[in-house]
Amino acid sequence: KDPRRNSRLGEVGFKVRDFEPDRLKVNLTLAEGTVAGWARPEVVQARVLARHLFGAPASDRRVTAEMRLSPAFPAFPQYPEYRFHVDDVLKDAVKEELPESRTDAGGAAELDLGLKRFARNTYQLHVTARVFEAQGGRNVAAEQTVLVSNAPYLVGVRSPDSLDYVSKKAARKVHLLAVGPDLKPIATDALSLTRVEYRYVSVLVKQDNGVYKYESQRREIVHESESIYLATSGSE
């Protein structure tokens with residue numbers, strides 16, 4: 001064996017191009033104003049605004065976009081100690097290409113999201129829009145994300161004690177707080193507080209092969225329920 005013989009270790013390909021700065025500025029909004037907490041489905045509107053670097057509207061430009069809907073449980077930096085929960089979280093993620101459009105004389109274009117079919121769900125909406133230059137395939141992209149929910153308010157739970165495991169007859173305190181889409185605390189009396197016990201029992205279940213086997217199943221036992229009122233400061 002010749003020790004001076006070269007061995008090929010691998011290869012990589014790449015392109016070298018002159019730097020070309022973007023000639024467009026693209027802005028994407030999903031709602032009017034700033035969304036502090038979440039946006040109601042009826043107010044969500046994707047709008048693209050494209051301008052040349054010197055400020056003139058980029059009219060008659062091709063616009064493509066895609067949207068992603070992802071299951072999301074609400075969490076807000078303003079309330080780090082509270083846990084919020086909704087029952088209508090979107091079960092499966094959705095990814096769709098949106099219909100192409102073109103900017104108008106003012107450089108604007110509206111995207112048809114078609115969110116009515118998800119009106120009863122809570123989800124994280126992410127939209128990416130691309131505006132193409134007049135010639136060629138170069139484009140400038142913009143993206144935005146917003147939490148969408150039809151809920152008029154959400155109730156958060158805060159506890160100074162751990163709720164992962166509670167000893168029998170041990171006392172626990174929780175603080176309940178209702179907030180609106182702007183994350184400001186609100187008062188509400190349209191709530192009920194229910195104490196539910198989850199108990200696991202062994203059940204004899206027939207398998208596909210005809211053999212019976214014990215399986216552990218969770219049973220829900222409702223002990224009591226009462227109407228409650230939450231003030232703007234919350235309630236314990």
# chains A, B, ... in the order shown; residues from 1 in each chain; ligands from 1
call {"tool": "closest_atom_pairs", "arguments": {"of": "stretch 16-123 of chain A", "to": "stretch 166-184 of chain A", "cutoff": "6 Å", "atoms": "only C-alpha atoms", "output": "CSV"}}
result
residue,atom,partner,partner_atom,distance
A:Ala36,CA,A:Asp182,CA,5.1
A:Gly37,CA,A:Pro181,CA,5.1
A:Trp38,CA,A:Pro181,CA,5.2
call {"tool": "closest_residue", "arguments": {"among": "A:His223, A:Arg199, A:Arg62, A:Arg218", "to": "A:Gln135", "atoms": "only C-alpha atoms"}}
result
A:Arg62
call {"tool": "atom_distance", "arguments": {"atom1": "atom CA of A:Val48", "atom2": "atom CA of A:Asp22"}}
result
16.7 Å
call {"tool": "closest_residue", "arguments": {"among": "A:Val148, A:Leu125, A:Ala108, A:Val35", "to": "A:Glu96", "atoms": "only C-alpha atoms"}}
result
A:Leu125
